[in-house]
>>> print(open('input20.cif').read())   # mmCIF, C-alpha atoms
data_data
#
loop_
_atom_site.label_atom_id
_atom_site.label_comp_id
_atom_site.auth_asym_id
_atom_site.auth_seq_id
_atom_site.Cartn_x
_atom_site.Cartn_y
_atom_site.Cartn_z
CA MET A 14 40.98 -59.13 -31.37
CA THR A 15 38.86 -62.29 -31.69
CA GLN A 16 35.40 -61.36 -32.87
CA ASP A 17 32.16 -63.21 -32.29
CA ALA A 18 30.92 -62.39 -35.81
CA ASP A 19 31.55 -60.10 -38.75
CA ILE A 20 28.19 -58.37 -38.17
CA LEU A 21 26.24 -57.78 -34.96
CA ILE A 22 22.53 -57.13 -35.56
CA VAL A 23 20.46 -55.69 -32.72
CA GLY A 24 16.80 -56.49 -33.31
CA GLY A 25 15.20 -59.78 -34.29
CA GLY A 26 11.88 -58.64 -35.72
CA LEU A 27 11.75 -59.14 -39.50
CA ASN A 28 14.41 -56.87 -41.01
CA GLY A 29 17.11 -58.19 -38.65
CA PRO A 30 16.63 -61.85 -39.61
CA ALA A 31 16.27 -60.95 -43.31
CA LEU A 32 19.58 -59.07 -43.19
CA ALA A 33 21.26 -61.91 -41.29
CA LEU A 34 20.21 -64.44 -43.94
CA ALA A 35 21.32 -62.17 -46.80
CA LEU A 36 24.73 -61.53 -45.23
CA ALA A 37 25.25 -65.21 -44.39
CA GLN A 38 24.37 -66.08 -47.97
CA GLY A 39 27.22 -63.74 -48.97
CA GLY A 40 29.69 -65.55 -46.72
CA LEU A 41 29.71 -63.25 -43.67
CA THR A 42 29.12 -64.42 -40.10
CA VAL A 43 26.30 -62.78 -38.16
CA THR A 44 25.03 -62.60 -34.58
CA VAL A 45 21.40 -61.51 -34.14
CA ILE A 46 20.47 -60.19 -30.70
CA ASP A 47 16.74 -60.23 -29.99
CA ALA A 48 15.26 -58.91 -26.76
CA ARG A 49 12.28 -61.26 -27.07
CA PRO A 50 12.21 -65.03 -26.58
CA GLU A 51 12.48 -66.73 -29.98
CA THR A 52 9.04 -68.37 -29.70
CA SER A 53 7.13 -65.20 -28.78
CA ARG A 54 5.90 -64.62 -32.34
CA ALA A 55 6.22 -68.01 -34.00
CA GLU A 56 2.82 -69.11 -32.73
CA GLU A 57 0.39 -71.45 -34.43
CA THR A 58 -2.68 -69.31 -33.76
CA PHE A 59 -3.62 -66.38 -36.00
CA ASP A 60 -3.23 -63.05 -34.20
CA GLY A 61 -4.37 -60.70 -36.99
CA ARG A 62 -1.03 -59.14 -37.97
CA ALA A 63 -0.11 -59.31 -41.66
CA TYR A 64 1.97 -57.46 -44.26
CA ALA A 65 1.42 -56.32 -47.81
CA LEU A 66 4.59 -57.48 -49.56
CA ALA A 67 5.46 -55.66 -52.78
CA ILE A 68 6.70 -57.65 -55.77
CA ALA A 69 10.28 -56.59 -55.05
CA SER A 70 9.96 -57.79 -51.43
CA VAL A 71 8.67 -61.16 -52.59
CA ARG A 72 11.73 -61.39 -54.81
CA VAL A 73 13.95 -60.83 -51.76
CA LEU A 74 12.27 -63.80 -50.07
CA GLN A 75 12.75 -65.83 -53.26
CA ALA A 76 16.46 -65.00 -53.37
CA LEU A 77 16.82 -65.98 -49.70
CA GLY A 78 15.19 -69.33 -50.45
CA LEU A 79 12.10 -68.72 -48.29
CA TRP A 80 9.28 -68.02 -50.72
CA ARG A 81 8.73 -71.63 -51.83
CA GLY A 82 7.62 -72.50 -48.29
CA LEU A 83 5.54 -69.35 -47.87
CA ARG A 84 3.76 -69.12 -51.23
CA ASP A 85 0.83 -71.35 -50.30
CA LYS A 86 0.22 -69.32 -47.12
CA ALA A 87 0.03 -65.98 -48.97
CA GLN A 88 -2.86 -64.16 -50.62
CA PRO A 89 -2.08 -62.53 -54.01
CA ILE A 90 -3.14 -58.89 -54.34
CA LEU A 91 -4.93 -58.72 -57.69
CA GLY A 92 -6.20 -55.17 -57.51
CA ILE A 93 -6.39 -51.99 -55.44
CA ARG A 94 -9.37 -49.66 -55.09
CA ALA A 95 -8.87 -46.22 -53.54
CA SER A 96 -11.75 -43.89 -52.73
CA GLN A 97 -12.76 -41.24 -50.22
CA GLY A 98 -15.87 -40.60 -48.19
CA HIS A 99 -17.36 -40.45 -44.71
CA ALA A 100 -18.36 -43.08 -42.17
CA GLY A 101 -21.93 -44.22 -42.77
CA ARG A 102 -22.21 -42.45 -46.11
CA GLY A 103 -20.25 -44.81 -48.32
CA ALA A 104 -17.51 -44.16 -50.84
CA SER A 105 -17.37 -41.43 -53.45
CA PRO A 106 -18.16 -42.62 -57.01
CA LEU A 107 -14.90 -40.99 -58.13
CA MET A 108 -12.39 -43.69 -57.33
CA LEU A 109 -8.96 -44.87 -58.39
CA GLY A 110 -8.50 -48.49 -59.43
CA PHE A 111 -5.36 -50.51 -60.14
CA ASP A 112 -5.36 -54.04 -61.57
CA ALA A 113 -2.60 -56.63 -61.75
CA ALA A 114 -3.33 -57.11 -65.46
CA GLU A 115 -1.80 -53.66 -66.10
CA ILE A 116 1.73 -54.96 -65.38
CA GLU A 117 3.57 -58.01 -66.69
CA GLU A 118 4.84 -59.27 -63.35
CA GLY A 119 1.59 -60.89 -62.19
CA PRO A 120 -0.02 -60.09 -58.81
CA MET A 121 0.74 -56.60 -57.50
CA GLY A 122 1.93 -58.05 -54.22
CA GLN A 123 1.22 -60.69 -51.62
CA MET A 124 -0.44 -60.54 -48.21
CA LEU A 125 1.34 -62.69 -45.63
CA GLU A 126 0.68 -63.17 -41.94
CA ASP A 127 3.38 -62.13 -39.48
CA ARG A 128 3.46 -65.55 -37.78
CA HIS A 129 4.29 -67.36 -41.03
CA LEU A 130 6.98 -64.90 -42.13
CA TYR A 131 8.66 -64.78 -38.72
CA ALA A 132 8.63 -68.57 -38.35
CA ALA A 133 10.27 -68.93 -41.78
CA PHE A 134 13.01 -66.49 -40.79
CA LEU A 135 13.52 -68.27 -37.46
CA ASP A 136 13.84 -71.71 -39.04
CA ALA A 137 16.23 -70.43 -41.72
CA MET A 138 18.48 -68.72 -39.17
CA LYS A 139 18.67 -71.87 -37.05
CA ALA A 140 19.64 -73.89 -40.14
CA ASP A 141 22.50 -71.55 -41.14
CA GLU A 142 25.80 -72.20 -39.35
CA ARG A 143 26.99 -68.67 -40.10
CA ILE A 144 24.18 -67.17 -37.97
CA THR A 145 24.04 -67.12 -34.16
CA LEU A 146 20.72 -66.10 -32.62
CA VAL A 147 20.86 -64.70 -29.08
CA SER A 148 17.25 -64.51 -27.84
CA GLY A 149 15.81 -62.96 -24.72
CA ALA A 150 18.82 -60.65 -24.38
CA ARG A 151 18.71 -56.86 -24.19
CA VAL A 152 21.63 -54.65 -25.26
CA VAL A 153 22.43 -52.00 -22.63
CA ALA A 154 25.63 -50.46 -24.06
CA GLN A 155 27.66 -50.28 -27.26
CA GLU A 156 31.10 -49.13 -28.41
CA THR A 157 32.35 -48.69 -31.95
CA GLY A 158 35.98 -47.76 -31.42
CA GLY A 159 39.22 -49.66 -31.08
CA GLY A 160 38.92 -51.51 -34.35
CA CYS A 161 35.64 -53.28 -33.57
CA ALA A 162 32.02 -52.86 -32.56
CA THR A 163 31.10 -54.16 -29.10
CA VAL A 164 27.75 -54.53 -27.37
CA THR A 165 27.11 -55.29 -23.72
CA LEU A 166 24.08 -57.35 -22.80
CA GLU A 167 21.95 -56.93 -19.69
CA ASP A 168 23.43 -60.10 -18.20
CA GLY A 169 26.96 -58.73 -18.58
CA ARG A 170 28.02 -60.62 -21.70
CA ARG A 171 30.00 -58.68 -24.30
CA LEU A 172 29.85 -59.49 -28.03
CA THR A 173 32.16 -58.08 -30.68
CA GLY A 174 31.96 -57.68 -34.44
CA ARG A 175 33.27 -55.58 -37.28
CA VAL A 176 29.99 -53.73 -37.95
CA LEU A 177 26.98 -53.06 -35.71
CA VAL A 178 23.54 -52.82 -37.35
CA GLY A 179 20.50 -51.35 -35.61
CA CYS A 180 17.26 -53.10 -36.56
CA ASP A 181 15.59 -52.19 -33.26
CA GLY A 182 12.60 -50.12 -34.36
CA ARG A 183 11.48 -46.50 -34.42
CA ASP A 184 12.79 -45.80 -30.93
CA SER A 185 16.13 -47.35 -31.83
CA ALA A 186 18.44 -47.44 -28.83
CA VAL A 187 21.32 -48.25 -31.19
CA ALA A 188 20.75 -44.95 -33.02
CA ALA A 189 20.32 -43.01 -29.76
CA ARG A 190 23.52 -44.39 -28.24
CA ALA A 191 25.36 -43.41 -31.45
CA GLY A 192 24.10 -39.82 -31.09
CA ILE A 193 22.03 -39.96 -34.28
CA SER A 194 19.16 -37.47 -34.12
CA ARG A 195 15.84 -37.78 -35.95
CA TRP A 196 13.44 -35.50 -37.79
CA GLY A 197 9.71 -35.82 -38.25
CA HIS A 198 6.48 -35.11 -36.41
CA ASP A 199 3.58 -36.76 -34.63
CA TYR A 200 0.49 -37.35 -36.78
CA GLY A 201 -1.91 -37.20 -33.84
CA GLN A 202 -3.32 -40.45 -35.23
CA THR A 203 -3.28 -44.03 -34.00
CA ALA A 204 -3.46 -47.08 -36.28
CA LEU A 205 -5.96 -49.69 -35.11
CA VAL A 206 -4.90 -53.04 -36.53
CA CYS A 207 -6.97 -56.21 -36.56
CA ALA A 208 -8.31 -58.90 -38.87
CA ILE A 209 -11.89 -59.73 -39.78
CA GLU A 210 -13.83 -62.62 -41.21
CA HIS A 211 -16.47 -61.67 -43.78
CA GLU A 212 -19.40 -63.25 -45.53
CA ARG A 213 -18.46 -62.54 -49.15
CA PRO A 214 -15.15 -63.19 -50.99
CA HIS A 215 -12.72 -60.29 -51.41
CA ASP A 216 -11.48 -61.52 -54.83
CA GLY A 217 -7.94 -60.49 -53.94
CA ILE A 218 -8.82 -56.78 -54.00
CA ALA A 219 -7.26 -54.36 -51.49
CA HIS A 220 -9.26 -51.26 -50.56
CA GLN A 221 -8.03 -47.89 -49.30
CA PHE A 222 -10.84 -45.70 -47.98
CA PHE A 223 -9.82 -42.10 -47.15
CA MET A 224 -11.89 -40.47 -44.41
CA PRO A 225 -11.35 -37.14 -42.58
CA PRO A 226 -9.89 -38.70 -39.38
CA GLY A 227 -7.53 -40.95 -41.36
CA PRO A 228 -7.41 -43.78 -43.92
CA LEU A 229 -8.90 -47.25 -43.58
CA ALA A 230 -7.10 -50.08 -45.42
CA ILE A 231 -8.85 -53.40 -46.05
CA LEU A 232 -6.28 -55.94 -47.22
CA PRO A 233 -7.16 -59.46 -48.46
CA LEU A 234 -6.00 -62.55 -46.57
CA PRO A 235 -6.45 -66.22 -47.53
CA GLY A 236 -10.07 -67.31 -47.35
CA ASN A 237 -12.86 -64.90 -46.44
CA ARG A 238 -10.61 -62.84 -44.18
CA SER A 239 -9.06 -59.39 -44.43
CA SER A 240 -6.48 -57.39 -42.50
CA ILE A 241 -7.58 -53.96 -41.28
CA VAL A 242 -5.30 -50.94 -40.74
CA TRP A 243 -7.58 -48.17 -39.52
CA SER A 244 -6.23 -44.71 -38.64
CA GLU A 245 -8.18 -42.49 -36.25
CA ARG A 246 -7.40 -39.38 -34.24
CA ARG A 247 -5.57 -40.46 -31.11
CA ALA A 248 -8.23 -39.79 -28.45
CA THR A 249 -10.90 -41.48 -30.58
CA ALA A 250 -8.67 -44.48 -31.25
CA GLU A 251 -7.85 -44.91 -27.58
CA ALA A 252 -11.56 -44.93 -26.74
CA ILE A 253 -12.33 -47.44 -29.52
CA GLN A 254 -9.53 -49.76 -28.42
CA THR A 255 -11.06 -50.02 -24.93
CA LEU A 256 -14.42 -51.23 -26.28
CA ASP A 257 -15.47 -54.86 -26.16
CA GLU A 258 -15.69 -56.81 -29.42
CA ALA A 259 -19.31 -55.86 -30.11
CA GLY A 260 -18.67 -52.17 -29.45
CA TYR A 261 -15.55 -52.21 -31.62
CA LEU A 262 -17.51 -53.70 -34.52
CA ASP A 263 -20.30 -51.16 -34.03
CA VAL A 264 -17.76 -48.39 -34.68
CA LEU A 265 -16.00 -50.21 -37.53
CA LYS A 266 -19.06 -51.25 -39.54
CA PRO A 267 -20.21 -47.73 -40.62
CA ARG A 268 -16.65 -47.05 -41.84
CA PHE A 269 -16.25 -50.46 -43.44
CA GLY A 270 -19.58 -50.67 -45.23
CA ASP A 271 -21.41 -53.83 -46.25
CA PHE A 272 -19.73 -54.74 -49.55
CA LEU A 273 -18.27 -57.91 -47.99
CA GLY A 274 -21.44 -58.79 -46.10
CA GLU A 275 -21.47 -59.49 -42.38
CA ILE A 276 -18.13 -59.11 -40.59
CA ALA A 277 -16.65 -60.45 -37.34
CA LEU A 278 -13.33 -59.94 -35.60
CA ALA A 279 -10.64 -62.63 -36.03
CA GLY A 280 -7.56 -62.65 -33.81
CA LYS A 281 -6.23 -59.92 -31.56
CA ARG A 282 -6.53 -56.14 -31.78
CA PHE A 283 -3.51 -53.83 -31.81
CA ALA A 284 -3.00 -50.05 -31.61
CA TYR A 285 0.09 -48.15 -32.80
CA PRO A 286 0.57 -44.35 -32.38
CA LEU A 287 1.63 -42.89 -35.73
CA ARG A 288 4.48 -40.51 -36.32
CA LEU A 289 6.94 -39.68 -39.06
CA THR A 290 10.48 -40.30 -37.86
CA VAL A 291 13.61 -40.41 -40.04
CA ALA A 292 17.19 -40.66 -38.80
CA GLU A 293 19.44 -37.75 -39.79
CA ARG A 294 22.08 -40.31 -40.75
CA PHE A 295 21.77 -43.98 -41.60
CA VAL A 296 25.43 -44.70 -40.78
CA ALA A 297 28.03 -43.78 -38.17
CA GLU A 298 31.39 -45.23 -37.11
CA ARG A 299 31.14 -49.02 -37.71
CA LEU A 300 27.36 -48.71 -37.58
CA ALA A 301 24.34 -48.79 -39.91
CA LEU A 302 20.60 -48.43 -39.36
CA VAL A 303 17.99 -50.53 -41.16
CA GLY A 304 14.19 -50.52 -41.33
CA ASP A 305 12.22 -48.61 -38.71
CA ALA A 306 15.47 -47.80 -36.89
CA ALA A 307 16.30 -45.62 -39.90
CA HIS A 308 12.80 -44.49 -40.90
CA GLY A 309 9.21 -44.80 -39.75
CA VAL A 310 6.58 -43.70 -42.29
CA HIS A 311 2.79 -43.47 -42.30
CA PRO A 312 1.21 -46.88 -43.05
CA ILE A 313 -1.06 -45.29 -45.67
CA ALA A 314 0.36 -47.47 -48.47
CA GLY A 315 1.71 -50.35 -46.38
CA GLN A 316 5.31 -49.55 -47.30
CA GLY A 317 7.01 -49.90 -43.90
CA LEU A 318 8.32 -53.47 -44.23
CA ASN A 319 8.90 -53.01 -47.96
CA LEU A 320 11.18 -50.04 -47.28
CA GLY A 321 12.99 -52.08 -44.64
CA LEU A 322 13.61 -54.93 -47.07
CA ARG A 323 15.00 -52.42 -49.57
CA ASP A 324 17.46 -51.39 -46.85
CA VAL A 325 18.30 -55.04 -46.21
CA ALA A 326 18.97 -55.73 -49.89
CA ALA A 327 21.13 -52.61 -50.30
CA LEU A 328 23.22 -53.04 -47.13
CA ALA A 329 23.76 -56.77 -47.75
CA GLU A 330 24.97 -56.06 -51.28
CA VAL A 331 27.29 -53.24 -50.20
CA LEU A 332 28.91 -55.27 -47.41
CA THR A 333 29.11 -58.54 -49.34
CA LEU A 334 30.73 -56.98 -52.42
CA ALA A 335 33.14 -54.97 -50.26
CA ALA A 336 34.21 -58.14 -48.45
CA ARG A 337 34.76 -59.96 -51.74
CA ARG A 338 36.97 -57.10 -52.96
CA GLY A 339 39.06 -57.31 -49.79
CA GLU A 340 37.86 -53.95 -48.46
CA ASP A 341 37.29 -53.18 -44.80
CA ILE A 342 33.51 -53.60 -44.55
CA ALA A 343 33.45 -51.11 -41.65
CA ALA A 344 35.30 -48.38 -43.54
CA PRO A 345 33.41 -45.05 -43.66
CA ASP A 346 33.39 -44.97 -47.46
CA VAL A 347 31.89 -48.49 -47.61
CA LEU A 348 29.07 -47.67 -45.19
CA GLU A 349 28.49 -44.38 -46.98
CA ARG A 350 27.62 -46.33 -50.15
CA TYR A 351 24.66 -47.81 -48.29
CA GLN A 352 23.53 -44.42 -47.05
CA GLU A 353 23.77 -42.85 -50.51
CA TRP A 354 21.82 -45.75 -52.02
CA ARG A 355 18.95 -45.50 -49.58
CA ARG A 356 18.63 -41.91 -48.35
CA PHE A 357 16.86 -40.37 -51.37
CA ASP A 358 14.39 -43.24 -51.78
CA VAL A 359 13.49 -43.11 -48.08
CA ALA A 360 13.05 -39.33 -48.05
CA ARG A 361 10.93 -39.47 -51.20
CA MET A 362 8.66 -42.17 -49.79
CA ALA A 363 8.41 -40.62 -46.32
CA LEU A 364 7.52 -37.17 -47.61
CA GLY A 365 5.16 -38.62 -50.21
CA MET A 366 3.18 -40.62 -47.64
CA ASP A 367 3.19 -37.58 -45.33
CA ALA A 368 1.76 -35.39 -48.10
CA VAL A 369 -0.96 -37.91 -48.98
CA ASN A 370 -2.03 -38.21 -45.35
CA THR A 371 -2.10 -34.42 -44.94
CA LEU A 372 -4.10 -34.00 -48.15
CA PHE A 373 -6.71 -36.65 -47.35
CA SER A 374 -7.03 -36.63 -43.55
CA ASN A 375 -9.31 -33.60 -43.31
CA GLY A 376 -12.93 -32.76 -43.95
CA ASN A 377 -12.45 -29.64 -46.08
CA PRO A 378 -15.27 -29.85 -48.67
CA LEU A 379 -13.32 -27.91 -51.32
CA LEU A 380 -10.31 -30.21 -50.96
CA GLU A 381 -12.63 -33.20 -51.02
CA ALA A 382 -14.04 -32.11 -54.37
CA VAL A 383 -10.57 -31.46 -55.80
CA ARG A 384 -9.33 -34.84 -54.52
CA GLY A 385 -12.27 -36.62 -56.10
CA LEU A 386 -11.70 -34.97 -59.45
CA GLY A 387 -7.99 -35.76 -59.26
CA MET A 388 -8.60 -39.43 -58.49
CA GLY A 389 -11.13 -39.68 -61.30
CA ALA A 390 -8.73 -38.04 -63.76
CA LEU A 391 -5.83 -40.27 -62.70
CA ASN A 392 -8.03 -43.33 -63.06
CA ALA A 393 -8.60 -42.40 -66.71
CA LEU A 394 -4.86 -42.22 -67.49
CA ALA A 395 -3.56 -45.76 -67.99
CA PRO A 396 0.18 -44.88 -68.33
CA LEU A 397 0.11 -42.93 -65.07
CA ARG A 398 -1.80 -45.71 -63.32
CA ARG A 399 0.84 -48.16 -64.49
CA HIS A 400 3.59 -45.91 -63.10
CA PHE A 401 1.93 -45.85 -59.68
CA ILE A 402 1.47 -49.63 -59.69
CA ARG A 403 5.15 -50.18 -60.45
CA GLU A 404 6.11 -47.63 -57.79
CA ALA A 405 4.05 -49.39 -55.11
CA ALA A 406 5.47 -52.76 -56.23
CA GLY A 407 9.03 -51.48 -55.76
CA LEU A 408 9.86 -51.88 -59.44
CA ASN A 409 10.82 -48.29 -60.23
CA ALA A 410 13.63 -47.78 -57.71
CA ALA A 411 17.28 -48.62 -58.37
CA THR A 412 17.08 -52.21 -57.21
CA PRO A 413 19.76 -54.31 -55.52
CA LYS A 414 20.23 -57.87 -56.74
CA LEU A 415 18.08 -59.41 -54.01
CA MET A 416 15.12 -57.27 -55.08
CA GLN A 417 15.53 -58.68 -58.57
CA GLY A 418 15.29 -62.17 -57.12
CA GLU A 419 19.03 -62.83 -57.56
CA ARG A 420 21.58 -63.92 -54.99
CA ILE A 421 24.36 -61.42 -54.36
#
>>> encode(input="input20.cif", output="structure tokens")
Amino acid sequence: MTQDADILIVGGGLNGPALALALAQGGLTVTVIDARPETSRAEETFDGRAYALAIASVRVLQALGLWRGLRDKAQPILGIRASQGHAGRGASPLMLGFDAAEIEEGPMGQMLEDRHLYAAFLDAMKADERITLVSGARVVAQETGGGCATVTLEDGRRLTGRVLVGCDGRDSAVAARAGISRWGHDYGQTALVCAIEHERPHDGIAHQFFMPPGPLAILPLPGNRSSIVWSERRATAEAIQTLDEAGYLDVLKPRFGDFLGEIALAGKRFAYPLRLTVAERFVAERLALVGDAAHGVHPIAGQGLNLGLRDVAALAEVLTLAARRGEDIAAPDVLERYQEWRRFDVARMALGMDAVNTLFSNGNPLLEAVRGLGMGALNALAPLRRHFIREAAGLNAATPKLMQGERI
């Protein structure tokens, strides 16, 4: 059978394009099917969405040849400060601090706006003759038998490949059509996401403020701007999201504090219900799941995209090396290598973030005291601090070549 591409990728967010570029770099042909028009996110105006890229994720972008064009648009993360407290009462004096000087690799990560990252992926895909981008097309059916993987689009077109990859988010239709169940639970929290402009410089420091309803992350952006990821109980968050700009800031300011001076909203506001959701399997017949399609974790440490890029690096390496050895890239034992590589790391991270959120998102005074003492003690132990920094940077896991900054 004549195939449209070696790999069909459903989902054109960030993980889908990253995987397409990595596979094309390895010599495979790829078709990316995106339900949205290609220009829907590559806008010139700032909308407030940004990502904290770990060192290992930056290395993936370097290996794909994208980082040179993105570096000047990013904000290095030079330190992290974690503390707990209550809105209007400020942070506890017992805090946990991490500094980039504690590791040899330089900045602990980079903050990058969604619009810049997506536009770089889009331009790179258009420039690669091995990649076909099908935009504004929704997949309505899939088959993975008969020696190929086939998807049917809403307009009736059928595309075939050797392997189908789901990069279509936490409610992955690719996973559902393959009969892959999920485990997890609803957090009863909603993440309010926005960006702010502030009076004083942030000095490249990211802040994580743990409060009883949920954590508040303040992440540095270029200039006197920061990205906010603010978790609240669902009913409260829904009420806050309906407020006008002045009302929204009135609620945010007591939680935020005044350490950066006066603040104002910059860009749009977003709200995302939070839940833990992990696929029971990451592979099936001629099929693999990547990113949020495989796992959705709490944003407490900003690891969602970083975990997805780990998937990208692992799957690209497995498929590329199998193809070079003359193996069938859709063979069950080949796809199982990807699952074995990623399943433990994902479970460890998902359960770890779940435990941290459970531990900190409550107002129990006894637990609050214990947490404070624990953070203070950890802050005094340099080797343990260094371990946590390297963990957050993605430097402790078994790393594929792309995450070492090397082409496959």
>>> closest_atom_pairs(input="input20.cif", of="stretch 277-347 of chain A", to="stretch 16-32 of chain A", cutoff="8 Å", atoms="all atoms listed in the file", output="tab-separated table")
residue	atom	partner	partner_atom	distance
A:Val303	CA	A:Asn28	CA	7.3
A:Gly304	CA	A:Asn28	CA	6.4
A:Leu318	CA	A:Asn28	CA	7.7
A:Gly321	CA	A:Asn28	CA	6.2
A:Leu322	CA	A:Asn28	CA	6.4
A:Val325	CA	A:Leu32	CA	5.2
A:Ala326	CA	A:Leu32	CA	7.5
A:Ala329	CA	A:Leu32	CA	6.6
>>> resolve_selection(input="input20.cif", expression="the PyMOL selection byres ((chain A and resi 289-294) around 8)", output="PyMOL selection string")
chain A and resi 183+193-200+287-288+295-297+306-311+352+363+367
>>> closest_residue(input="input20.cif", among="A:Val359, A:Ala327, A:Leu302, A:Ala336", to="A:Thr42", atoms="only C-alpha atoms")
A:Ala336
>>> axis_aligned_box(input="input20.cif", around="stretch 336-352 of chain A", padding_each_side="3 Å", output="lines of an AutoDock Vina configuration file")
center_x = 31.3
center_y = -52.2
center_z = -47.3
size_x = 21.5
size_y = 21.6
size_z = 17.3
>>> resolve_selection(input="input20.cif", expression="the PyMOL selection byres ((chain A and resi 82) around 12)", output="list of chain:residue names")
A:Leu74, A:Gln75, A:Leu77, A:Gly78, A:Leu79, A:Trp80, A:Arg81, A:Leu83, A:Arg84, A:Asp85, A:Lys86, A:Ala87, A:Leu125, A:His129, A:Leu130, A:Ala132, A:Ala133, A:Phe134, A:Asp136, A:Ala137
>>> resolve_selection(input="input20.cif", expression="the PyMOL selection byres ((chain A and resi 300) around 10)", output="PyMOL selection string")
chain A and resi 20-22+156-157+162+175-179+187-188+191+295-299+301-302+343-345+348
>>> residues_around(input="input20.cif", residues="A:Arg143", least_positions_apart="2", cutoff="7 Å", atoms="only C-alpha atoms", output="list in words")
Ala37, Thr42, Val43, Asp141 and Thr145 of chain A
>>> write_last_selection(input="input20.cif", atoms="C-alpha atoms", output="short mmCIF file (atom, residue, chain, number, x, y, z; two decimals), in the coordinates of the input")
data_model
loop_
_atom_site.label_atom_id
_atom_site.label_comp_id
_atom_site.auth_asym_id
_atom_site.auth_seq_id
_atom_site.Cartn_x
_atom_site.Cartn_y
_atom_site.Cartn_z
CA ALA A 37 25.25 -65.21 -44.39
CA THR A 42 29.12 -64.42 -40.10
CA VAL A 43 26.30 -62.78 -38.16
CA ASP A 141 22.50 -71.55 -41.14
CA THR A 145 24.04 -67.12 -34.16
#
>>> closest_atom_pairs(input="input20.cif", of="stretch 227-320 of chain A", to="stretch 58-62 of chain A", cutoff="10 Å", atoms="only C-alpha atoms", output="tab-separated table")
residue	atom	partner	partner_atom	distance
A:Leu234	CA	A:Gly61	CA	9.9
A:Arg238	CA	A:Gly61	CA	9.8
A:Ser239	CA	A:Gly61	CA	8.9
A:Ser240	CA	A:Gly61	CA	6.8
A:Ile241	CA	A:Gly61	CA	8.6
A:Val242	CA	A:Arg62	CA	9.7
A:Leu278	CA	A:Gly61	CA	9.1
A:Ala279	CA	A:Gly61	CA	6.6
A:Gly280	CA	A:Asp60	CA	4.4
A:Lys281	CA	A:Asp60	CA	5.1
A:Arg282	CA	A:Gly61	CA	7.3
A:Phe283	CA	A:Arg62	CA	8.5
>>> write_last_selection(input="input20.cif", atoms="C-alpha atoms", output="mmCIF file, in the coordinates of the input")
data_model
loop_
_atom_site.group_PDB
_atom_site.id
_atom_site.type_symbol
_atom_site.label_atom_id
_atom_site.label_comp_id
_atom_site.auth_asym_id
_atom_site.auth_seq_id
_atom_site.Cartn_x
_atom_site.Cartn_y
_atom_site.Cartn_z
ATOM 1 C CA LEU A 234 -6.000 -62.550 -46.570
ATOM 2 C CA ARG A 238 -10.610 -62.840 -44.180
ATOM 3 C CA SER A 239 -9.060 -59.390 -44.430
ATOM 4 C CA SER A 240 -6.480 -57.390 -42.500
ATOM 5 C CA ILE A 241 -7.580 -53.960 -41.280
ATOM 6 C CA VAL A 242 -5.300 -50.940 -40.740
ATOM 7 C CA LEU A 278 -13.330 -59.940 -35.600
ATOM 8 C CA ALA A 279 -10.640 -62.630 -36.030
ATOM 9 C CA GLY A 280 -7.560 -62.650 -33.810
ATOM 10 C CA LYS A 281 -6.230 -59.920 -31.560
ATOM 11 C CA ARG A 282 -6.530 -56.140 -31.780
ATOM 12 C CA PHE A 283 -3.510 -53.830 -31.810
#
>>> closest_residue(input="input20.cif", among="A:Val331, A:Leu66, A:Ala140, A:Leu91", to="A:Val347", atoms="all atoms listed in the file")
A:Val331
>>> closest_residue(input="input20.cif", among="A:Glu126, A:Glu142, A:Glu258, A:Glu167", to="A:Pro233", atoms="all atoms listed in the file")
A:Glu126
>>> residues_around(input="input20.cif", residues="A:Asp271", least_positions_apart="2", cutoff="10 Å", atoms="only C-alpha atoms", output="ChimeraX atom specification")
/A:103,211-213,266-269,273-276
>>> atom_distance(input="input20.cif", atom1="atom CA of A:Leu146", atom2="atom CA of A:Thr333")
20.2 Å
>>> closest_residue(input="input20.cif", among="A:Leu166, A:Ala186, A:Cys180, A:Val206", to="A:Ala284", atoms="only C-alpha atoms")
A:Val206
>>> closest_residue(input="input20.cif", among="A:Asp257, A:Cys161, A:Pro50, A:Ile68", to="A:Asp341", atoms="only C-alpha atoms")
A:Cys161
>>> residues_around(input="input20.cif", residues="A:Ile421", least_positions_apart="6", cutoff="9 Å", atoms="all atoms listed in the file", output="list of chain:residue names")
A:Ala35, A:Gln38, A:Gly39, A:Ala76, A:Ala329, A:Glu330, A:Thr333, A:Leu334, A:Pro413, A:Lys414, A:Leu415
>>> closest_residue(input="input20.cif", among="A:Leu41, A:Ile116, A:Leu36, A:Ala252", to="A:Pro396", atoms="only C-alpha atoms")
A:Ile116
